[in-house]
Amino acid sequence: MSRRLLPAPGRRPGQVLAALMLAAGCRKSPPPPSDVIAEARSGNVRLEEVERALTLAPSPAPSPRPKKDEVAEEVERYRKAAEALVVEKALLGDLKDPDSAIRGLGKEHTRIRREVVVDVFERESQAAQPYRVTEADIKEYFQAHPEEFHRPAQRFVWHLFRRHEDPARPEATIAFLKGLKQRVKQGEPFGLLAKQYSHSETRLLEGRIGVIGRGRLPKPLDDVVFSLPEGAVSEPVPVKGGALLFEVTEVFEEKRFPLEDVRTLIAQKLRERKTRERIAEALGDRKPSEGSVVLDAETLARQLEGADEAEVILKLGATEWTVKDFREAMAKLPPDRLQSLPGPSRLERQKELYERLTQQALLFDKLEAEGFAAAPQRQRLIAERIRALGRAVLVRQRIEERIWKEVDADPAALRRFHEENRFLYQSPLRLKIKTLSVPLGPDSPGKMAEMEAVRESLAKGRTDLDSAAKRLGGHVRDGGWLDPAALAALEPKVRLYLLDMNGTGYTVPFQLNRQLSLVFVEKRDEPRFLPFEEVKERVRQDYRDRKQQELYQAVVQDLLRAEGFRFHEEAVRRALGASPARS
């Protein structure tokens with residue numbers, strides 16, 4: 001408990017304050033040496049060791065930002081490096097043989113060595129043939145690729161389609177849709193009306209079409225959609241066989257991004273392109289050896305969707321990547337475009353990353369075969385960098401241990417997380433299905449009407465699937481029990497129809513692959529909420545993953561506080577030859 005300081009008898013408060021300040025001044029510790037940029041209980045952090053740590057770290061990309069930001073960025077790099085050194089000393093101070101511990105990392109040690117050897121090669125290539133992205137390079141790329149920095153006008157669109165119940169009276173359909181528009185104006189959600197009244201298959205998505213650009217729809221419809229302001233519903237639009245209503249919920253105006261907004265993106269692209277060119281030049285005509293595993297883009301996408309996490313999807317010499325490894329690498333990729341620019345799709349990013357990893361693995365194999373890392377002038381540098389990165393991995397592991405202790409120290413938080421995220425901890429939905437399919441034929445509207453009549457008969461028990469198939473010239477396929485993986489593998493349209501049902505019964509007829517089909521859900525195992533004890537390990541992992549960044553930062557900050565970490569920004573600024581920071 002703190003005590004209040006009261007003035008001694010006969011002294012005024014001002015005299016007491018002056019005496020305290022004088023005493024504090026007398027006890028003030030001497031300033032640290034000029035080469036000390038941080039202090040901690042484990043010892044001073046000197047400029048030289050921070051600069052050495054920065055040298056051994058992966059090369060940062062040169063910043064294309066204006067020079068006024070460069071000093072602040074450099075100071076922050078020094079701060080982070082100093083913090084990392086203090087945390088490392090705090091966590092690894094008990095290691096008697098750090099090198100042995102690093103070698104014991106196994107697969108992680110192999111990965112570190114591969115990345116270090118390739119990075120040393122790239123640094124040497126850069127030193128031999130320096131390449132720096134210039135302002136002229138950036139401007140040239142910007143002018144040569146205007147389409148990359150242009151966002152066309154777009155709208156987020158919903159629609160509702162009604163077929164004419166009586167083709168001789170199309171005005172009745174128009175009147176009906178006008179009534180629906182009026183109901184929207186009075187506050188009813190457009191999506192719910194679409195789900196109830198639309199004859200389009202998009203009714204399962206509440207009429208959602210999504211974000212579309214100019215030219216996606218036929219011109220008459222395109223003109224209607226792009227004339228609507230945000231939040232507006234169109235007048236009924238006549239089309240063949242019926243009429244449409246459109247709703248626009250978001251408007252994205254056309255925009256051409258100025259060079260200043262995309263300079264960083266262009267510089268990053270140019271550096272990556274030059275790196276790939278250099279590696280390709282070094283590889284020459286080198287190909288994967290026998291027994292390697294290198295997938296094409298289509299097979300890769302398929303494996304990543306359905307394969308076990310331990311499945312090997314890239315193997316070249318000593319390099320091996322599993323599905324789990326690759327997914328984690330994908331998650332760490334930084335966004336390479338502004339959110340408001342049309343960026344590459346997930347499949348394109350997968351393909352780019354896989355090609356880059358394959359190229360790096362081939363290069364590592366070649367460098368190993370040529371004894372690149374055995375050259376005396378490189379051995380020490382490679383060993384130092386492996387040691388630095390290996391110690392960083394050991395630090396992460398020890399921080400991870402502390403994170404798990406934090407997680408397990410609060411079981412009530414785990415139980416709350418379990419309760420608040422009930423949808424995550426349910427037994428899977430399982431459906432037992434059969435599918436009736438018939439050829440579409442030349443008269444698709446007539447065939448659809450016939451299928452709808454059959455569905456009504458099936459629903460009322462007047463016929464069965466086999467009899468209906470025989471009558472329509474189709475066939476019945478028994479799909480058996482579908483678990484979540486099997487449901488995910490279905491065509492999206494089929495999956496939506498099944499998930500839209502609340503129980504057993506028949507889907508509406510739908511068109512797919514030149515056939516008309518309907519699905520009979522014969523039995524249904526509904527999801528049930530699983531008790532905490534049954535899913536405790538999943539809850540722990542999910543909670544830790546959700547709170548990872550927060551927990552990691554909390555552990556690091558606790559360590560720095562315990563070490564009494566103090567950073568001397570002015571010492572770094574002096575070393576950089578920069579002016580003092582403004583207060």
# chains A, B, ... in the order shown; residues from 1 in each chain; ligands from 1
call {"tool": "residues_around", "arguments": {"residues": "Glu368 of chain A", "least_positions_apart": "4", "cutoff": "12 Å", "atoms": "only C-alpha atoms", "output": "VMD selection string"}}
result
chain A and resid 113 to 114 117 to 118 121 317 to 319 361 to 364 372 to 375
call {"tool": "write_last_selection", "arguments": {"atoms": "N, CA and C atoms", "output": "PDB file, in the first residue's frame"}}
result
ATOM      1  N   ARG A 113      17.934 -24.215 -43.061  1.00  0.00           N
ATOM      2  CA  ARG A 113      19.168 -24.298 -43.853  1.00  0.00           C
ATOM      3  C   ARG A 113      18.884 -24.045 -45.335  1.00  0.00           C
ATOM      4  N   ARG A 114      17.794 -24.623 -45.836  1.00  0.00           N
ATOM      5  CA  ARG A 114      17.446 -24.421 -47.247  1.00  0.00           C
ATOM      6  C   ARG A 114      17.219 -22.939 -47.536  1.00  0.00           C
ATOM      7  N   VAL A 117      20.608 -20.899 -47.390  1.00  0.00           N
ATOM      8  CA  VAL A 117      21.491 -21.117 -48.539  1.00  0.00           C
ATOM      9  C   VAL A 117      20.959 -20.379 -49.767  1.00  0.00           C
ATOM     10  N   VAL A 118      19.653 -20.482 -50.012  1.00  0.00           N
ATOM     11  CA  VAL A 118      19.069 -19.800 -51.167  1.00  0.00           C
ATOM     12  C   VAL A 118      19.182 -18.284 -51.000  1.00  0.00           C
ATOM     13  N   PHE A 121      22.689 -17.106 -51.738  1.00  0.00           N
ATOM     14  CA  PHE A 121      22.893 -17.065 -53.197  1.00  0.00           C
ATOM     15  C   PHE A 121      22.264 -15.801 -53.798  1.00  0.00           C
ATOM     16  N   GLY A 317      14.399 -33.573 -53.759  1.00  0.00           N
ATOM     17  CA  GLY A 317      15.593 -33.821 -52.967  1.00  0.00           C
ATOM     18  C   GLY A 317      15.261 -33.787 -51.484  1.00  0.00           C
ATOM     19  N   ALA A 318      15.954 -32.914 -50.735  1.00  0.00           N
ATOM     20  CA  ALA A 318      15.734 -32.824 -49.287  1.00  0.00           C
ATOM     21  C   ALA A 318      14.529 -31.962 -48.931  1.00  0.00           C
ATOM     22  N   THR A 319      13.927 -31.327 -49.923  1.00  0.00           N
ATOM     23  CA  THR A 319      12.780 -30.441 -49.669  1.00  0.00           C
ATOM     24  C   THR A 319      11.484 -31.216 -49.730  1.00  0.00           C
ATOM     25  N   ALA A 361      13.293 -24.817 -54.352  1.00  0.00           N
ATOM     26  CA  ALA A 361      13.747 -26.172 -54.021  1.00  0.00           C
ATOM     27  C   ALA A 361      14.714 -26.698 -55.087  1.00  0.00           C
ATOM     28  N   LEU A 362      14.418 -26.443 -56.361  1.00  0.00           N
ATOM     29  CA  LEU A 362      15.324 -26.849 -57.449  1.00  0.00           C
ATOM     30  C   LEU A 362      16.673 -26.150 -57.314  1.00  0.00           C
ATOM     31  N   LEU A 363      16.627 -24.860 -56.983  1.00  0.00           N
ATOM     32  CA  LEU A 363      17.867 -24.102 -56.835  1.00  0.00           C
ATOM     33  C   LEU A 363      18.690 -24.642 -55.668  1.00  0.00           C
ATOM     34  N   PHE A 364      18.026 -24.950 -54.546  1.00  0.00           N
ATOM     35  CA  PHE A 364      18.747 -25.492 -53.395  1.00  0.00           C
ATOM     36  C   PHE A 364      19.429 -26.809 -53.763  1.00  0.00           C
ATOM     37  N   PHE A 372      27.980 -25.321 -53.078  1.00  0.00           N
ATOM     38  CA  PHE A 372      27.922 -23.868 -52.864  1.00  0.00           C
ATOM     39  C   PHE A 372      28.156 -23.510 -51.396  1.00  0.00           C
ATOM     40  N   ALA A 373      27.492 -24.229 -50.491  1.00  0.00           N
ATOM     41  CA  ALA A 373      27.576 -23.888 -49.068  1.00  0.00           C
ATOM     42  C   ALA A 373      28.889 -24.326 -48.441  1.00  0.00           C
ATOM     43  N   ALA A 374      29.665 -25.170 -49.141  1.00  0.00           N
ATOM     44  CA  ALA A 374      30.922 -25.675 -48.581  1.00  0.00           C
ATOM     45  C   ALA A 374      32.085 -24.711 -48.778  1.00  0.00           C
ATOM     46  N   ALA A 375      31.905 -23.708 -49.609  1.00  0.00           N
ATOM     47  CA  ALA A 375      32.980 -22.733 -49.836  1.00  0.00           C
ATOM     48  C   ALA A 375      33.321 -22.046 -48.521  1.00  0.00           C
TER      49      ALA A 375
END
call {"tool": "residues_around", "arguments": {"residues": "segment 157-167 of chain A", "least_positions_apart": "4", "cutoff": "9 Å", "atoms": "only C-alpha atoms", "output": "MDAnalysis selection string"}}
result
chainID A and resid 171:174 176:177 190:191 193:195 197:200 202:203 206:212 225 240:250
call {"tool": "write_last_selection", "arguments": {"atoms": "N, CA and C atoms", "output": "short mmCIF file (atom, residue, chain, number, x, y, z; two decimals), in the first residue's frame"}}
result
data_model
loop_
_atom_site.label_atom_id
_atom_site.label_comp_id
_atom_site.auth_asym_id
_atom_site.auth_seq_id
_atom_site.Cartn_x
_atom_site.Cartn_y
_atom_site.Cartn_z
N GLU A 171 -49.04 -8.52 -68.27
CA GLU A 171 -49.25 -7.38 -67.38
C GLU A 171 -49.53 -7.83 -65.94
N ALA A 172 -50.05 -9.06 -65.80
CA ALA A 172 -50.32 -9.57 -64.44
C ALA A 172 -49.00 -9.80 -63.69
N THR A 173 -47.98 -10.28 -64.40
CA THR A 173 -46.66 -10.49 -63.78
C THR A 173 -46.06 -9.15 -63.38
N ILE A 174 -46.17 -8.15 -64.28
CA ILE A 174 -45.64 -6.83 -63.99
C ILE A 174 -46.32 -6.24 -62.76
N PHE A 176 -47.74 -7.85 -60.33
CA PHE A 176 -47.32 -8.60 -59.15
C PHE A 176 -45.97 -8.08 -58.65
N LEU A 177 -45.03 -7.88 -59.58
CA LEU A 177 -43.71 -7.40 -59.19
C LEU A 177 -43.76 -5.98 -58.65
N PHE A 190 -35.77 -7.41 -49.37
CA PHE A 190 -35.84 -7.89 -50.75
C PHE A 190 -35.50 -9.38 -50.80
N GLY A 191 -34.45 -9.77 -50.04
CA GLY A 191 -33.99 -11.16 -50.10
C GLY A 191 -35.05 -12.15 -49.65
N LEU A 193 -38.29 -11.75 -49.86
CA LEU A 193 -39.31 -11.81 -50.90
C LEU A 193 -38.82 -12.63 -52.09
N ALA A 194 -37.52 -12.48 -52.42
CA ALA A 194 -36.95 -13.28 -53.52
C ALA A 194 -36.99 -14.77 -53.17
N LYS A 195 -36.66 -15.07 -51.93
CA LYS A 195 -36.67 -16.47 -51.51
C LYS A 195 -38.07 -17.07 -51.59
N TYR A 197 -40.81 -15.73 -53.51
CA TYR A 197 -41.58 -15.56 -54.74
C TYR A 197 -40.79 -15.76 -56.05
N SER A 198 -39.46 -15.79 -55.99
CA SER A 198 -38.70 -15.88 -57.23
C SER A 198 -38.80 -17.28 -57.84
N HIS A 199 -38.83 -17.32 -59.17
CA HIS A 199 -38.80 -18.60 -59.87
C HIS A 199 -37.39 -18.94 -60.32
N SER A 200 -36.42 -18.11 -59.98
CA SER A 200 -35.03 -18.39 -60.33
C SER A 200 -34.40 -19.27 -59.26
N THR A 202 -31.68 -18.80 -57.95
CA THR A 202 -30.99 -17.95 -56.98
C THR A 202 -31.87 -17.62 -55.77
N ARG A 203 -33.10 -18.08 -55.77
CA ARG A 203 -33.96 -17.82 -54.61
C ARG A 203 -33.34 -18.45 -53.35
N GLU A 206 -31.43 -15.98 -51.70
CA GLU A 206 -32.23 -14.77 -51.52
C GLU A 206 -32.06 -13.81 -52.70
N GLY A 207 -31.85 -14.38 -53.89
CA GLY A 207 -31.74 -13.57 -55.10
C GLY A 207 -30.37 -12.98 -55.34
N ARG A 208 -29.39 -13.38 -54.56
CA ARG A 208 -28.04 -12.79 -54.64
C ARG A 208 -27.36 -13.12 -55.96
N ILE A 209 -26.95 -12.08 -56.69
CA ILE A 209 -26.07 -12.25 -57.85
C ILE A 209 -24.64 -11.93 -57.45
N GLY A 210 -24.47 -10.90 -56.60
CA GLY A 210 -23.14 -10.53 -56.13
C GLY A 210 -22.61 -9.31 -56.85
N VAL A 211 -21.30 -9.09 -56.74
CA VAL A 211 -20.66 -7.92 -57.35
C VAL A 211 -20.47 -8.20 -58.84
N ILE A 212 -20.99 -7.30 -59.67
CA ILE A 212 -20.83 -7.45 -61.12
C ILE A 212 -20.34 -6.14 -61.71
N VAL A 225 -29.45 -1.86 -64.23
CA VAL A 225 -28.70 -2.06 -62.99
C VAL A 225 -27.78 -0.88 -62.71
N LYS A 240 -37.77 -12.44 -71.65
CA LYS A 240 -38.45 -13.56 -72.28
C LYS A 240 -39.03 -14.50 -71.22
N GLY A 241 -40.33 -14.71 -71.28
CA GLY A 241 -40.99 -15.65 -70.39
C GLY A 241 -41.37 -15.10 -69.03
N GLY A 242 -41.03 -13.83 -68.76
CA GLY A 242 -41.36 -13.30 -67.44
C GLY A 242 -40.87 -11.88 -67.26
N ALA A 243 -40.54 -11.54 -66.01
CA ALA A 243 -40.06 -10.19 -65.71
C ALA A 243 -39.17 -10.25 -64.47
N LEU A 244 -38.34 -9.19 -64.30
CA LEU A 244 -37.33 -9.15 -63.25
C LEU A 244 -37.47 -7.90 -62.40
N LEU A 245 -37.09 -8.03 -61.13
CA LEU A 245 -36.80 -6.88 -60.28
C LEU A 245 -35.32 -6.96 -59.90
N PHE A 246 -34.63 -5.81 -59.85
CA PHE A 246 -33.25 -5.76 -59.39
C PHE A 246 -33.17 -4.86 -58.16
N GLU A 247 -32.30 -5.24 -57.23
CA GLU A 247 -31.96 -4.36 -56.12
C GLU A 247 -30.44 -4.18 -56.11
N VAL A 248 -29.99 -2.95 -55.93
CA VAL A 248 -28.56 -2.64 -55.82
C VAL A 248 -28.30 -2.18 -54.38
N THR A 249 -27.45 -2.94 -53.67
CA THR A 249 -27.19 -2.60 -52.26
C THR A 249 -25.86 -1.88 -52.05
N GLU A 250 -24.93 -1.98 -53.01
CA GLU A 250 -23.67 -1.24 -52.91
C GLU A 250 -23.26 -0.76 -54.29
#
call {"tool": "select_by_dssp", "arguments": {"residues": "segment 285-519 of chain A", "states": "strand (DSSP E)", "output": "MDAnalysis selection string"}}
result
chainID A and resid 293:294 312:316 319:322 430:439 475:482 505:506 510:512 515:519
call {"tool": "residues_around", "arguments": {"residues": "segment 503-510 of chain A", "least_positions_apart": "5", "cutoff": "10 Å", "atoms": "only C-alpha atoms", "output": "ChimeraX atom specification"}}
result
/A:200-201,431-437,448-456,458-459,493-494,497-498,515-526
call {"tool": "closest_residue", "arguments": {"among": "A:Leu54, A:Val239, A:Leu347, A:Leu357", "to": "Phe326 of chain A", "atoms": "only C-alpha atoms"}}
result
A:Leu357
call {"tool": "residues_around", "arguments": {"residues": "Tyr141 of chain A", "least_positions_apart": "5", "cutoff": "10 Å", "atoms": "only C-alpha atoms", "output": "number ranges by chain"}}
result
A: 136, 146, 263, 266-267, 269-270
call {"tool": "write_last_selection", "arguments": {"atoms": "C-alpha atoms", "output": "PDB file, in the first residue's frame"}}
result
ATOM      1  CA  ALA A 136      11.688   5.337 -63.583  1.00  0.00           C
ATOM      2  CA  PRO A 146      -2.983   0.613 -66.664  1.00  0.00           C
ATOM      3  CA  ARG A 263       4.013   2.601 -55.826  1.00  0.00           C
ATOM      4  CA  ILE A 266       4.729  -2.066 -58.217  1.00  0.00           C
ATOM      5  CA  ALA A 267       8.126  -2.044 -56.483  1.00  0.00           C
ATOM      6  CA  LYS A 269       6.238  -6.875 -58.196  1.00  0.00           C
ATOM      7  CA  LEU A 270       9.422  -5.732 -59.926  1.00  0.00           C
TER       8      LEU A 270
END
call {"tool": "closest_residue", "arguments": {"among": "A:Val555, A:Glu419, A:Trp321, A:Leu394", "to": "Val407 of chain A", "atoms": "only C-alpha atoms"}}
result
A:Val555
call {"tool": "closest_residue", "arguments": {"among": "A:Arg216, A:Leu472, A:Glu491, A:Arg52", "to": "Leu440 of chain A", "atoms": "only C-alpha atoms"}}
result
A:Leu472
call {"tool": "select_by_dssp", "arguments": {"residues": "segment 355-459 of chain A", "states": "helix (DSSP H, G or I)", "output": "ChimeraX atom specification"}}
result
/A:355-369,372-374,376-408,411-420,422-424,444-459
call {"tool": "atom_distance", "arguments": {"atom1": "atom CA of Pro130 of chain A", "atom2": "atom CA of Ala383 of chain A"}}
result
24.8 Å
call {"tool": "residues_around", "arguments": {"residues": "His568 of chain A", "least_positions_apart": "6", "cutoff": "12 Å", "atoms": "only C-alpha atoms", "output": "list in words"}}
result
Pro31, Pro32, Pro33, Ser34, Asp35, Val36, Ile37, Ala38, Glu39, Ala40, Asn44, Val45, Arg46, Leu47, Val75, Glu76, Tyr78, Arg79, Ala82, Glu83, Arg574, Ala575, Pro580 and Ala581 of chain A
call {"tool": "write_last_selection", "arguments": {"atoms": "N, CA and C atoms", "output": "PDB file, in the first residue's frame"}}
result
ATOM      1  N   PRO A  31      24.443   8.080 -17.349  1.00  0.00           N
ATOM      2  CA  PRO A  31      23.931   7.705 -18.667  1.00  0.00           C
ATOM      3  C   PRO A  31      24.686   6.504 -19.210  1.00  0.00           C
ATOM      4  N   PRO A  32      24.007   5.644 -19.992  1.00  0.00           N
ATOM      5  CA  PRO A  32      24.682   4.462 -20.542  1.00  0.00           C
ATOM      6  C   PRO A  32      25.711   4.880 -21.584  1.00  0.00           C
ATOM      7  N   PRO A  33      26.665   3.991 -21.892  1.00  0.00           N
ATOM      8  CA  PRO A  33      27.641   4.290 -22.955  1.00  0.00           C
ATOM      9  C   PRO A  33      26.922   4.621 -24.264  1.00  0.00           C
ATOM     10  N   SER A  34      27.577   5.363 -25.120  1.00  0.00           N
ATOM     11  CA  SER A  34      26.935   5.848 -26.344  1.00  0.00           C
ATOM     12  C   SER A  34      26.539   4.732 -27.297  1.00  0.00           C
ATOM     13  N   ASP A  35      27.196   3.552 -27.197  1.00  0.00           N
ATOM     14  CA  ASP A  35      26.848   2.464 -28.117  1.00  0.00           C
ATOM     15  C   ASP A  35      25.766   1.549 -27.554  1.00  0.00           C
ATOM     16  N   VAL A  36      25.205   1.892 -26.397  1.00  0.00           N
ATOM     17  CA  VAL A  36      24.103   1.103 -25.816  1.00  0.00           C
ATOM     18  C   VAL A  36      22.780   1.694 -26.294  1.00  0.00           C
ATOM     19  N   ILE A  37      21.951   0.874 -26.945  1.00  0.00           N
ATOM     20  CA  ILE A  37      20.680   1.387 -27.459  1.00  0.00           C
ATOM     21  C   ILE A  37      19.485   0.861 -26.662  1.00  0.00           C
ATOM     22  N   ALA A  38      19.744  -0.085 -25.756  1.00  0.00           N
ATOM     23  CA  ALA A  38      18.667  -0.576 -24.890  1.00  0.00           C
ATOM     24  C   ALA A  38      19.281  -1.160 -23.630  1.00  0.00           C
ATOM     25  N   GLU A  39      18.493  -1.141 -22.553  1.00  0.00           N
ATOM     26  CA  GLU A  39      18.943  -1.712 -21.285  1.00  0.00           C
ATOM     27  C   GLU A  39      17.933  -2.740 -20.805  1.00  0.00           C
ATOM     28  N   ALA A  40      18.450  -3.747 -20.110  1.00  0.00           N
ATOM     29  CA  ALA A  40      17.596  -4.772 -19.519  1.00  0.00           C
ATOM     30  C   ALA A  40      18.352  -5.418 -18.374  1.00  0.00           C
ATOM     31  N   ASN A  44      23.078  -4.886 -21.029  1.00  0.00           N
ATOM     32  CA  ASN A  44      22.877  -3.863 -22.035  1.00  0.00           C
ATOM     33  C   ASN A  44      22.826  -4.462 -23.437  1.00  0.00           C
ATOM     34  N   VAL A  45      22.053  -3.819 -24.310  1.00  0.00           N
ATOM     35  CA  VAL A  45      21.994  -4.220 -25.717  1.00  0.00           C
ATOM     36  C   VAL A  45      22.767  -3.172 -26.506  1.00  0.00           C
ATOM     37  N   ARG A  46      23.833  -3.620 -27.155  1.00  0.00           N
ATOM     38  CA  ARG A  46      24.714  -2.684 -27.848  1.00  0.00           C
ATOM     39  C   ARG A  46      24.356  -2.592 -29.330  1.00  0.00           C
ATOM     40  N   LEU A  47      24.713  -1.449 -29.874  1.00  0.00           N
ATOM     41  CA  LEU A  47      24.419  -1.173 -31.287  1.00  0.00           C
ATOM     42  C   LEU A  47      24.984  -2.261 -32.191  1.00  0.00           C
ATOM     43  N   VAL A  75      14.453   3.182 -37.114  1.00  0.00           N
ATOM     44  CA  VAL A  75      14.436   3.192 -35.648  1.00  0.00           C
ATOM     45  C   VAL A  75      13.550   2.065 -35.131  1.00  0.00           C
ATOM     46  N   GLU A  76      12.400   1.863 -35.789  1.00  0.00           N
ATOM     47  CA  GLU A  76      11.477   0.798 -35.357  1.00  0.00           C
ATOM     48  C   GLU A  76      12.107  -0.578 -35.573  1.00  0.00           C
ATOM     49  N   TYR A  78      15.295  -1.252 -35.378  1.00  0.00           N
ATOM     50  CA  TYR A  78      16.274  -1.413 -34.294  1.00  0.00           C
ATOM     51  C   TYR A  78      15.565  -1.745 -32.980  1.00  0.00           C
ATOM     52  N   ARG A  79      14.434  -1.082 -32.731  1.00  0.00           N
ATOM     53  CA  ARG A  79      13.678  -1.371 -31.506  1.00  0.00           C
ATOM     54  C   ARG A  79      13.240  -2.842 -31.474  1.00  0.00           C
ATOM     55  N   ALA A  82      16.167  -5.137 -30.893  1.00  0.00           N
ATOM     56  CA  ALA A  82      16.625  -5.081 -29.500  1.00  0.00           C
ATOM     57  C   ALA A  82      15.673  -5.858 -28.585  1.00  0.00           C
ATOM     58  N   GLU A  83      14.366  -5.692 -28.797  1.00  0.00           N
ATOM     59  CA  GLU A  83      13.388  -6.446 -28.012  1.00  0.00           C
ATOM     60  C   GLU A  83      13.585  -7.946 -28.207  1.00  0.00           C
ATOM     61  N   ARG A 574      21.325   8.915 -33.420  1.00  0.00           N
ATOM     62  CA  ARG A 574      22.696   9.416 -33.582  1.00  0.00           C
ATOM     63  C   ARG A 574      23.508   8.475 -34.461  1.00  0.00           C
ATOM     64  N   ALA A 575      23.323   7.166 -34.232  1.00  0.00           N
ATOM     65  CA  ALA A 575      24.068   6.187 -35.031  1.00  0.00           C
ATOM     66  C   ALA A 575      23.679   6.239 -36.504  1.00  0.00           C
ATOM     67  N   PRO A 580      17.505  14.560 -33.940  1.00  0.00           N
ATOM     68  CA  PRO A 580      16.749  14.048 -32.783  1.00  0.00           C
ATOM     69  C   PRO A 580      15.250  14.043 -33.059  1.00  0.00           C
ATOM     70  N   ALA A 581      14.560  13.135 -32.367  1.00  0.00           N
ATOM     71  CA  ALA A 581      13.099  13.067 -32.519  1.00  0.00           C
ATOM     72  C   ALA A 581      12.465  14.287 -31.894  1.00  0.00           C
TER      73      ALA A 581
END
call {"tool": "atom_distance", "arguments": {"atom1": "atom CA of Leu512 of chain A", "atom2": "atom CA of Arg155 of chain A"}}
result
27.5 Å
call {"tool": "atom_distance", "arguments": {"atom1": "atom CA of Arg276 of chain A", "atom2": "atom CA of Val133 of chain A"}}
result
14.9 Å
